[in-house]
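J.: File data-v8.tsv below, TSV, C-alpha atoms and all ligand atoms:
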chain	number	residue	atom	x	y	z
A	112	MET	CA	0.00	0.00	0.00
A	113	LYS	CA	1.26	3.47	-0.84
A	114	ILE	CA	0.31	6.57	1.15
A	115	VAL	CA	1.13	10.13	0.18
A	116	THR	CA	1.17	12.27	3.32
A	117	ILE	CA	0.77	16.02	3.04
A	118	LEU	CA	2.55	18.12	5.66
A	119	GLY	CA	2.98	21.87	5.82
A	120	ALA	CA	2.68	23.39	9.27
A	121	ARG	CA	4.18	22.87	12.72
A	122	PRO	CA	1.30	20.96	14.32
A	123	GLN	CA	1.30	18.58	11.34
A	124	PHE	CA	5.00	17.82	11.74
A	125	ILE	CA	4.33	17.04	15.40
A	126	LYS	CA	1.49	14.63	14.55
A	127	ALA	CA	3.60	13.03	11.79
A	128	GLY	CA	6.34	12.48	14.39
A	129	THR	CA	4.11	9.79	15.85
A	130	LEU	CA	2.25	8.41	12.83
A	131	SER	CA	5.10	8.42	10.28
A	132	ARG	CA	7.30	6.61	12.79
A	133	ALA	CA	4.62	3.94	13.14
A	134	ILE	CA	4.07	3.72	9.37
A	135	ALA	CA	7.83	3.37	8.79
A	136	SER	CA	7.90	0.23	10.90
A	137	HIS	CA	4.96	-1.35	9.04
A	138	PRO	CA	6.15	-3.94	6.50
A	139	SER	CA	3.52	-3.35	3.82
A	140	ILE	CA	3.09	0.43	3.76
A	141	GLN	CA	5.22	2.81	1.75
A	142	GLU	CA	4.88	6.45	2.78
A	143	VAL	CA	5.77	9.32	0.46
A	144	ILE	CA	5.99	12.62	2.35
A	145	VAL	CA	5.15	15.90	0.67
A	146	HIS	CA	6.14	19.12	2.48
A	147	THR	CA	4.15	22.02	1.01
A	148	GLY	CA	6.44	24.68	2.48
A	149	GLN	CA	3.65	26.48	4.39
A	150	HIS	CA	6.01	26.67	7.39
A	151	TYR	CA	9.52	26.39	6.09
A	152	ASP	CA	12.21	27.89	8.29
A	153	ALA	CA	14.56	26.26	10.80
A	154	THR	CA	12.51	26.99	13.93
A	155	MET	CA	9.07	26.27	12.49
A	156	SER	CA	9.96	23.24	10.37
A	157	ASP	CA	13.50	21.73	10.20
A	158	ILE	CA	13.93	21.26	13.94
A	159	PHE	CA	10.85	18.99	14.15
A	160	PHE	CA	12.12	16.69	11.40
A	161	GLU	CA	15.49	16.46	13.17
A	162	GLN	CA	14.32	16.07	16.78
A	163	MET	CA	11.38	13.75	16.10
A	164	HIS	CA	13.14	11.64	13.46
A	165	ILE	CA	10.43	12.26	10.88
A	166	PRO	CA	11.51	10.78	7.54
A	167	LYS	CA	12.87	13.43	5.15
A	168	PRO	CA	10.17	14.70	2.77
A	169	ASN	CA	10.29	13.15	-0.70
A	170	TYR	CA	8.91	16.34	-2.22
A	171	PHE	CA	9.29	19.94	-1.09
A	172	LEU	CA	6.81	22.19	-2.89
A	173	GLY	CA	8.11	25.54	-1.61
A	174	VAL	CA	4.72	27.21	-1.42
A	175	GLY	CA	4.69	29.47	1.62
A	176	GLY	CA	4.20	33.04	2.80
A	177	LYS	CA	1.28	33.92	0.51
A	178	SER	CA	-2.41	34.74	0.92
A	179	HIS	CA	-4.78	31.84	1.65
A	180	GLY	CA	-6.09	31.73	-1.93
A	181	ALA	CA	-2.70	31.96	-3.65
A	182	MET	CA	-1.11	29.43	-1.33
A	183	THR	CA	-3.95	26.91	-1.50
A	184	GLY	CA	-4.21	27.22	-5.29
A	185	GLN	CA	-0.50	26.70	-5.87
A	186	MET	CA	-0.43	23.78	-3.46
A	187	ILE	CA	-3.33	22.05	-5.24
A	188	GLU	CA	-1.52	22.37	-8.57
A	189	LYS	CA	1.75	20.97	-7.22
A	190	ILE	CA	0.17	18.21	-5.12
A	191	GLU	CA	-1.77	17.08	-8.19
A	192	GLU	CA	1.53	16.69	-10.08
A	193	VAL	CA	2.91	14.54	-7.26
A	194	LEU	CA	-0.20	12.36	-7.12
A	195	LEU	CA	-0.09	11.77	-10.87
A	196	ILE	CA	3.51	10.55	-10.52
A	197	GLU	CA	3.09	8.52	-7.33
A	198	LYS	CA	-0.39	7.03	-7.90
A	199	PRO	CA	-1.00	6.36	-4.18
A	200	ASP	CA	-3.79	4.30	-2.61
A	201	TRP	CA	-4.37	6.97	0.02
A	202	VAL	CA	-3.64	10.62	0.67
A	203	LEU	CA	-3.20	11.29	4.37
A	204	VAL	CA	-3.89	14.79	5.69
A	205	TYR	CA	-3.79	16.21	9.21
A	206	GLY	CA	-5.83	18.88	10.92
A	207	ASP	CA	-7.07	22.08	9.40
A	208	THR	CA	-4.45	24.13	7.56
A	209	ASP	CA	-4.33	25.32	3.95
A	210	SER	CA	-2.03	22.34	3.25
A	211	THR	CA	-4.75	19.99	4.57
A	212	LEU	CA	-7.37	21.52	2.30
A	213	ALA	CA	-5.09	21.55	-0.75
A	214	GLY	CA	-4.16	17.90	-0.25
A	215	ALA	CA	-7.81	16.91	0.14
A	216	LEU	CA	-9.00	18.82	-2.93
A	217	ALA	CA	-6.19	17.60	-5.18
A	218	ALA	CA	-6.77	13.98	-4.10
A	219	SER	CA	-10.56	14.07	-4.35
A	220	LYS	CA	-10.51	15.37	-7.95
A	221	LEU	CA	-8.21	12.46	-8.89
A	222	HIS	CA	-10.45	10.00	-7.01
A	223	VAL	CA	-7.70	9.08	-4.57
A	224	LYS	CA	-9.06	8.04	-1.17
A	225	ILE	CA	-8.37	10.52	1.64
A	226	ALA	CA	-7.66	9.75	5.28
A	227	HIS	CA	-8.20	12.75	7.56
A	228	VAL	CA	-6.49	12.64	10.93
A	229	GLU	CA	-8.21	14.99	13.42
A	230	ALA	CA	-11.57	14.81	11.67
A	231	GLY	CA	-14.84	16.08	13.09
A	232	LEU	CA	-13.53	19.06	15.04
A	233	ARG	CA	-15.63	22.19	14.93
A	234	SER	CA	-15.35	25.66	16.44
A	235	PHE	CA	-18.61	26.72	14.74
A	236	ASN	CA	-16.85	29.96	13.86
A	237	MET	CA	-16.88	30.27	10.08
A	238	LYS	CA	-14.58	33.32	10.25
A	239	MET	CA	-11.70	30.99	11.12
A	240	PRO	CA	-9.83	29.79	8.03
A	241	GLU	CA	-9.23	26.53	9.92
A	242	GLU	CA	-12.99	25.87	10.25
A	243	ILE	CA	-13.52	26.14	6.49
A	244	ASN	CA	-10.52	23.89	5.84
A	245	ARG	CA	-11.68	21.17	8.23
A	246	ILE	CA	-15.33	21.12	7.07
A	247	VAL	CA	-14.40	20.79	3.39
A	248	THR	CA	-11.69	18.22	4.11
A	249	ASP	CA	-14.03	16.07	6.18
A	250	ARG	CA	-16.65	16.13	3.46
A	251	VAL	CA	-14.33	14.70	0.78
A	252	SER	CA	-12.55	12.19	3.04
A	253	THR	CA	-13.10	8.44	3.04
A	254	LEU	CA	-11.63	7.60	6.43
A	255	LEU	CA	-12.35	10.11	9.18
A	256	PHE	CA	-10.12	9.64	12.21
A	257	CYS	CA	-11.74	11.38	15.16
A	258	PRO	CA	-9.67	12.13	18.26
A	259	THR	CA	-12.69	12.48	20.57
A	260	GLU	CA	-16.27	11.43	21.16
A	261	VAL	CA	-17.40	14.99	20.48
A	262	ALA	CA	-15.76	14.89	17.04
A	263	VAL	CA	-17.67	11.69	16.20
A	264	HIS	CA	-20.87	13.33	17.39
A	265	ASN	CA	-20.25	16.42	15.22
A	266	LEU	CA	-19.88	14.29	12.10
A	267	LYS	CA	-22.98	12.24	12.85
A	268	HIS	CA	-24.93	15.41	13.50
A	269	GLU	CA	-23.89	16.72	10.06
A	270	GLY	CA	-25.14	13.55	8.38
A	271	PHE	CA	-21.78	11.89	7.69
A	272	GLU	CA	-23.24	8.46	8.43
A	273	THR	CA	-25.23	8.79	5.20
A	274	PHE	CA	-22.13	9.64	3.13
A	275	THR	CA	-19.65	7.22	1.53
A	276	CYS	CA	-17.10	7.36	4.32
A	277	LYS	CA	-16.14	5.65	7.55
A	278	ILE	CA	-15.86	7.33	10.93
A	279	VAL	CA	-13.23	5.87	13.27
A	280	GLN	CA	-12.73	7.08	16.84
A	281	SER	CA	-8.98	6.56	16.93
A	282	GLY	CA	-8.02	8.78	19.84
A	283	ASP	CA	-5.44	11.49	19.46
A	284	VAL	CA	-1.98	11.00	17.93
A	285	MET	CA	-0.84	14.06	19.91
A	286	TYR	CA	-1.53	12.23	23.16
A	287	GLU	CA	0.63	9.33	22.03
A	288	GLY	CA	3.34	11.75	20.86
A	289	ALA	CA	3.39	13.76	24.09
A	290	LEU	CA	3.83	10.62	26.20
A	291	PHE	CA	6.51	9.21	23.91
A	292	TYR	CA	8.62	12.36	23.50
A	293	ARG	CA	8.35	13.33	27.18
A	294	GLN	CA	11.18	10.93	27.97
A	295	TYR	CA	13.44	12.95	25.62
A	296	ALA	CA	12.32	16.41	26.84
A	297	GLN	CA	15.11	19.02	26.84
A	298	LYS	CA	15.39	22.09	29.00
A	299	PRO	CA	15.76	25.15	26.77
A	300	THR	CA	18.72	27.43	27.46
A	301	LEU	CA	16.98	30.10	29.49
A	302	HIS	CA	16.44	30.92	33.13
A	303	VAL	CA	12.99	29.95	34.38
A	304	LYS	CA	11.49	30.62	37.79
A	305	ASN	CA	9.65	27.78	39.57
A	306	ASP	CA	6.10	28.90	38.96
A	307	PHE	CA	6.47	30.35	35.46
A	308	VAL	CA	3.53	30.66	33.08
A	309	LEU	CA	3.91	29.28	29.54
A	310	CYS	CA	2.19	31.34	26.87
A	311	THR	CA	1.77	31.10	23.09
A	312	ILE	CA	-0.27	33.34	20.79
A	313	HIS	CA	-0.53	32.97	17.04
A	314	ARG	CA	-4.16	32.72	15.86
A	315	ALA	CA	-5.03	35.24	13.16
A	316	GLU	CA	-8.11	36.34	15.14
A	317	ASN	CA	-5.71	37.66	17.83
A	318	THR	CA	-2.63	38.72	15.87
A	319	ASP	CA	-4.51	40.46	13.06
A	320	ASP	CA	-6.83	42.38	15.38
A	321	GLU	CA	-4.96	45.30	17.00
A	322	VAL	CA	-7.52	45.73	19.78
A	323	ARG	CA	-7.53	42.05	20.78
A	324	LEU	CA	-3.75	41.79	20.61
A	325	LYS	CA	-3.23	44.91	22.77
A	326	SER	CA	-5.82	43.75	25.29
A	327	ILE	CA	-4.16	40.32	25.64
A	328	PHE	CA	-0.69	41.80	26.05
A	329	ASP	CA	-1.94	44.45	28.51
A	330	ALA	CA	-3.24	41.52	30.61
A	331	LEU	CA	0.07	39.65	30.25
A	332	ASN	CA	2.03	42.75	31.33
A	333	GLU	CA	-0.17	42.93	34.45
A	334	ILE	CA	0.22	39.21	35.25
A	335	ALA	CA	3.98	39.53	34.71
A	336	LYS	CA	4.10	41.78	37.81
A	337	GLN	CA	3.52	38.56	39.82
A	338	ARG	CA	4.84	35.73	37.64
A	339	GLN	CA	7.42	35.15	34.96
A	340	ILE	CA	5.80	34.47	31.58
A	341	VAL	CA	7.80	32.42	29.07
A	342	LEU	CA	6.57	33.15	25.56
A	343	PRO	CA	8.00	31.35	22.51
A	344	ILE	CA	6.93	33.84	19.92
A	345	HIS	CA	5.37	32.93	16.58
A	346	PRO	CA	6.72	35.03	13.66
A	347	ARG	CA	3.23	36.46	12.97
A	348	THR	CA	2.86	37.65	16.57
A	349	ARG	CA	6.35	39.14	16.60
A	350	ASN	CA	5.55	41.16	13.47
A	351	ALA	CA	2.20	42.32	14.86
A	352	LEU	CA	3.78	43.51	18.13
A	353	LYS	CA	6.54	45.26	16.22
A	354	ALA	CA	3.97	47.05	14.06
A	355	GLN	CA	2.20	48.27	17.22
A	356	LYS	CA	5.58	49.23	18.84
A	357	TYR	CA	4.30	47.36	21.89
A	358	GLN	CA	6.35	47.58	25.13
A	359	LEU	CA	6.60	44.25	26.95
A	360	SER	CA	7.27	43.80	30.66
A	361	PRO	CA	10.83	42.57	31.37
A	362	ASN	CA	9.24	39.63	33.24
A	363	ILE	CA	7.88	38.34	29.94
A	364	THR	CA	10.68	36.16	28.62
A	365	LEU	CA	10.31	36.30	24.86
A	366	ILE	CA	12.09	33.47	23.06
A	367	GLU	CA	12.24	32.18	19.49
A	368	PRO	CA	9.85	29.29	18.72
A	369	VAL	CA	11.32	26.17	20.30
A	370	GLY	CA	11.58	22.57	19.13
A	371	TYR	CA	9.09	20.00	20.37
A	372	LEU	CA	11.45	18.50	22.96
A	373	GLU	CA	12.01	21.93	24.55
A	374	MET	CA	8.29	22.66	24.34
A	375	ILE	CA	7.44	19.42	26.13
A	376	TRP	CA	9.93	20.38	28.87
A	377	LEU	CA	8.32	23.81	29.24
A	378	ILE	CA	4.80	22.35	29.48
A	379	ASP	CA	5.94	19.76	32.00
A	380	HIS	CA	7.61	22.38	34.23
A	381	CYS	CA	5.29	25.39	34.03
A	382	SER	CA	2.55	26.15	36.53
A	383	LEU	CA	-0.07	27.25	34.01
A	384	VAL	CA	-0.56	27.52	30.25
A	385	MET	CA	-2.11	30.48	28.45
A	386	THR	CA	-2.64	29.97	24.76
A	387	ASP	CA	-4.72	30.32	21.64
A	388	SER	CA	-3.17	27.17	20.15
A	389	GLY	CA	-5.31	24.08	19.64
A	390	GLY	CA	-2.60	21.52	20.30
A	391	LEU	CA	-1.24	23.21	23.40
A	392	GLN	CA	-4.65	23.17	25.11
A	393	LYS	CA	-4.53	19.37	24.99
A	394	GLU	CA	-0.87	19.09	25.91
A	395	ALA	CA	-1.56	21.15	29.06
A	396	TYR	CA	-4.23	18.59	29.99
A	397	PHE	CA	-1.94	15.62	29.20
A	398	PHE	CA	0.56	17.03	31.70
A	399	HIS	CA	-2.08	18.07	34.27
A	400	LYS	CA	-1.51	21.78	33.84
A	401	PRO	CA	-4.35	24.31	34.02
A	402	CYS	CA	-4.99	26.11	30.75
A	403	MET	CA	-6.51	29.51	30.01
A	404	THR	CA	-7.51	29.71	26.36
A	405	LEU	CA	-7.23	33.13	24.76
A	406	ARG	CA	-10.14	32.55	22.39
A	407	ASP	CA	-13.91	32.89	22.45
A	408	GLU	CA	-14.50	29.26	21.57
A	409	THR	CA	-12.58	26.01	21.29
A	410	GLU	CA	-12.83	22.79	19.32
A	411	TRP	CA	-11.67	20.91	22.42
A	412	VAL	CA	-14.89	21.49	24.37
A	413	GLU	CA	-14.41	18.44	26.60
A	414	LEU	CA	-11.50	20.24	28.29
A	415	VAL	CA	-13.74	23.13	29.27
A	416	ALA	CA	-16.52	20.77	30.36
A	417	CYS	CA	-14.18	18.87	32.71
A	418	GLY	CA	-12.69	22.00	34.26
A	419	ALA	CA	-9.19	21.67	32.81
A	420	ASN	CA	-9.54	24.68	30.55
A	421	VAL	CA	-11.21	28.08	30.80
A	422	LEU	CA	-12.08	30.21	27.78
A	423	VAL	CA	-11.05	33.78	28.56
A	424	GLY	CA	-11.18	35.38	25.11
A	425	ALA	CA	-9.14	38.55	24.67
A	426	ASN	CA	-10.65	40.68	27.42
A	427	LYS	CA	-7.99	42.14	29.72
A	428	GLU	CA	-10.10	42.11	32.91
A	429	THR	CA	-11.38	38.56	32.33
A	430	ILE	CA	-7.86	37.29	31.72
A	431	ILE	CA	-6.48	38.92	34.87
A	432	SER	CA	-9.34	37.87	37.15
A	433	THR	CA	-9.38	34.29	35.82
A	434	PHE	CA	-5.63	34.09	36.34
A	435	SER	CA	-6.06	35.06	40.01
A	436	ASN	CA	-8.91	32.63	40.70
A	437	PHE	CA	-8.38	29.66	38.41
A	438	MET	CA	-8.35	26.26	40.04
A	439	PHE	CA	-7.51	23.20	37.97
A	440	LYS	CA	-10.12	20.53	38.55
A	441	PRO	CA	-10.31	18.00	35.74
A	442	LYS	CA	-12.64	15.16	36.62
A	443	VAL	CA	-12.29	12.95	33.56
A	444	ALA	CA	-9.42	10.81	32.35
A	445	ASN	CA	-8.75	9.33	28.90
A	446	LEU	CA	-10.52	12.03	26.91
A	447	TYR	CA	-8.11	11.42	24.02
A	448	GLY	CA	-8.04	7.65	23.79
A	449	ASP	CA	-5.77	4.91	25.02
A	450	ASN	CA	-2.38	6.03	23.72
A	451	ASN	CA	-2.75	3.79	20.63
A	452	ALA	CA	-4.10	6.16	17.97
A	453	SER	CA	-1.37	5.36	15.43
A	454	THR	CA	-2.06	1.61	15.71
A	455	LEU	CA	-5.80	2.10	15.20
A	456	ILE	CA	-5.23	4.44	12.25
A	457	ILE	CA	-2.87	2.02	10.51
A	458	GLN	CA	-5.22	-0.92	11.13
A	459	ALA	CA	-8.15	0.97	9.61
A	460	LEU	CA	-6.10	2.02	6.56
A	461	VAL	CA	-4.81	-1.49	5.92
A	462	SER	CA	-8.16	-3.21	6.44
A	463	TYR	CA	-10.32	-0.72	4.50
A	464	ALA	CA	-12.12	-2.64	1.77
B	501	LIG	N1	4.96	24.20	19.74
B	501	LIG	C1	6.33	23.98	19.65
B	501	LIG	N2	7.16	25.06	19.78
B	501	LIG	C2	6.70	26.32	20.01
B	501	LIG	C3	5.30	26.52	20.09
B	501	LIG	C4	4.46	25.45	19.95
B	501	LIG	O1	6.78	22.86	19.48
B	501	LIG	O2	7.50	27.25	20.11
B	501	LIG	C5	4.06	23.04	19.59
B	501	LIG	C6	3.00	22.87	20.64
B	501	LIG	O3	3.51	22.22	21.77
B	501	LIG	C7	1.95	22.05	19.91
B	501	LIG	C8	2.06	22.58	18.51
B	501	LIG	O4	3.32	23.23	18.40
B	501	LIG	O5	2.29	20.68	19.88
B	501	LIG	C9	0.95	23.54	18.27
B	501	LIG	O6	1.14	24.18	17.09
B	501	LIG	P1	0.42	25.55	16.77
B	501	LIG	O7	0.12	26.26	18.04
B	501	LIG	O8	1.26	26.23	15.75
B	501	LIG	O9	-0.91	25.09	16.05
B	501	LIG	P2	-2.34	24.63	16.52
B	501	LIG	O10	-2.20	23.51	17.49
B	501	LIG	O11	-3.03	25.81	17.09
B	501	LIG	O12	-3.00	24.19	15.25
Starting from the file, lay out its structure as structure tokens.

T.:
Amino acid sequence: MKIVTILGARPQFIKAGTLSRAIASHPSIQEVIVHTGQHYDATMSDIFFEQMHIPKPNYFLGVGGKSHGAMTGQMIEKIEEVLLIEKPDWVLVYGDTDSTLAGALAASKLHVKIAHVEAGLRSFNMKMPEEINRIVTDRVSTLLFCPTEVAVHNLKHEGFETFTCKIVQSGDVMYEGALFYRQYAQKPTLHVKNDFVLCTIHRAENTDDEVRLKSIFDALNEIAKQRQIVLPIHPRTRNALKAQKYQLSPNITLIEPVGYLEMIWLIDHCSLVMTDSGGLQKEAYFFHKPCMTLRDETEWVELVACGANVLVGANKETIISTFSNFMFKPKVANLYGDNNASTLIIQALVSYA
């Protein structure tokens, strides 16, 4: 069996770290990796391939740093060329980025079966580019690998049981990855205080909205009067802050984006996570850390329901008051499966008739 896997952005490299490793050790699957180039530099791409031993991409498409339409269009064209050469049995896509959508559209027009890892997630916010990408990708996929019960429910609610596809509740490959790579976690070269807060911000709804971005950073500056905040900064956020000439508190330790092994160390050693990232909300839960989510909604609703995560949006007062009063009280275990998502995904791919 031949699988063409489409990768392009950081969270996809991290998921591939687990699944591509499992595929590589399977005797009857050949994986061809296509890197679209959506994230392409050393800190956002290369380091993950090196640290996580992800096989080197067979194709690098070099499509990055453009508008959504231009990037998606060019990716579709180039992925189609690869699929015509490789003639795979499956195209495997992860998550909700423009690379996911381009891979799904190119494959579906050529009638190549699509496997979507992280299917069924919904924020119900159609202004998010990710929401459009995931809805369209789900609709054209044949195997829908859902990380959670809620994701399965979303698909059923949208009528997917009546479509020509199969829904599989596989659990989350990120859970498996976090547990595996934890043993190789590396302390980054910086001074951290015992009770530091780990923060990441990169969603367009925050970085591209001056008012939201200022309000979030005003809250962080206030919190930094009490606690060190370690913030690996995404290039988009760095540019937005620079454009606003924003003055950060010296107790906010701004660092370049870190590799996954350093990130795992930071999550494992922090006292609290503040983020607008999807993946990091779950990783906080995996490592029993409270998480404040700097968004108005989340796809990972089970974390909010069980008390592990609080949605605080971008309102300065809400962020500060939640920070002062937040108690971590998760009541549910195993929200993301049994640490065997890659095995279940491979089994379903191999046995699909
Ligand atoms: N991450 C990382 N280094 C960083 C920031 C984040 O390795 O400097 C990891 C993080 O732990 C998570 C993933 O990147 O596994 C999340 O990616 P991102 O926030 O870009 O995307 P999202 O999860 O929101 O789709």

J.: Neighbours of ligand LIG 501 (chain B) at 9 Å or closer, counting all atoms listed in the file: which residues, as a PyMOL selection string?

T.: chain A and resi 120-126+154-155+159+206-208+241+285+289+310-314+342-345+366-375+378+386-395

J.: Choose the residue, out of A:Thr404, A:Glu410, A:Asn332, A:Trp201, that has the smallest atom-to-atom separation from Gly231 in chain A; count all atoms listed in the file.

T.: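 Using all atoms listed in the file, the shortest distance to Gly231 in chain A belongs to A:Glu410.
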
J.: Mind pulling up the distance from CA of Gln185 in chain A to CA of Ala218 in chain A?

T.: 14.3 Å

J.: Taking (-2.2, 24.0, 34.9) in the coordinates of the supplied file, I want to know which residues reach to within 6 Å of it, counting all atoms listed in the file; could you give the answer as a compact mmCIF listing (two decimals) with C-alpha atoms, in the frame of the given file?

T.:
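Wrote it out as result-v9.txt, contents follow:
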# COMPACT_ATOMS: atom_id res chain seq x y z
CA SER A 382 2.55 26.15 36.53
CA LEU A 383 -0.07 27.25 34.01
CA HIS A 399 -2.08 18.07 34.27
CA LYS A 400 -1.51 21.78 33.84
CA PRO A 401 -4.35 24.31 34.02
CA CYS A 402 -4.99 26.11 30.75

J.: Could you state the separation of CA of Ala416 in chain A and CA of Lys440 in chain A in Å, given to one decimal place?

T.: 10.4 Å

J.: Give me, please, the distance in Å between CA of Ser360 in chain A and CA of Ala335 in chain A, quoted to one decimal.

T.: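 Separation between CA of Ser360 in chain A and CA of Ala335 in chain A: 6.7 Å.
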
J.: Around (4.6, 24.2, -2.2) in the file's frame, which residues reach within 7 Å when counting all atoms listed in the file? Return as a ChimeraX atom specification?

T.: /A:147-148,171-175,185-186,189

J.: Using all atoms listed in the file, find the one residue out of A:Glu287, A:Asp320, A:Glu188, A:Asp249 that sits nearest to Gly128 in chain A.

T.: A:Glu287

J.: When distances are computed from only C-alpha atoms, which of A:Gly119, A:Gly270, A:Gly176, A:Pro168 shows the smallest separation from Arg347 in chain A?

T.: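 The answer is A:Gly176, which sits nearest to Arg347 in chain A.
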
J.: Using all atoms listed in the file, which of the listed residues (A:His227, A:Lys353, A:His268, A:Arg406) sits closest to Ile327 in chain A?

T.: A:Arg406

J.: Please give the centre and size of the box around range 195-213 of chain A (axis-aligned, containing every atom listed in the file, 8 Å added per side), with values in Å to one decimal and written as lines of an AutoDock Vina configuration file.

T.:
center_x = -1.9
center_y = 14.8
center_z = 0.0
size_x = 26.9
size_y = 37.0
size_z = 37.8

J.: Can you tell me, as a list in words, what residues are no more than 7 Å from Thr253 in chain A when counting all atoms listed in the file, ignoring any on the same chain fewer than 3 positions away?

T.: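 Contacts, with the query itself left out: Lys224, Ile225, Ala226, Thr275, Cys276 and Lys277 of chain A.
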
J.: Calculated over all atoms listed in the file, which of the candidates A:Met403, A:Ile117, A:Asp200, A:Tyr170 has the smallest distance to Ala464 in chain A?

T.: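 For Ala464 in chain A, the nearest of the candidates is A:Asp200.
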
J.: Choose the residue, out of A:Gln162, A:Thr429, A:Gln339, A:Thr211, that has the smallest atom-to-atom separation from Val303 in chain A; count all atoms listed in the file.

T.: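 Once distances to Val303 in chain A are computed over all atoms listed in the file, the minimum belongs to A:Gln339.
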
J.: With a distance cut-off of 12 Å and only C-alpha atoms, select the neighbouring residues of Thr454 in chain A, excluding the residue or stretch itself and same-chain residues fewer than 4 positions from it, and output the selection as a list of chain:residue names.

T.: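 Residues near the query, excluding close chain neighbours: A:Thr129, A:Leu130, A:Ser131, A:Arg132, A:Ala133, A:Ile134, A:Ser136, A:His137, A:Phe256, A:Ser281, A:Gly282, A:Asp283, A:Val284, A:Glu287, A:Gly448, A:Asp449, A:Asn450, A:Gln458, A:Ala459, A:Leu460, A:Val461.
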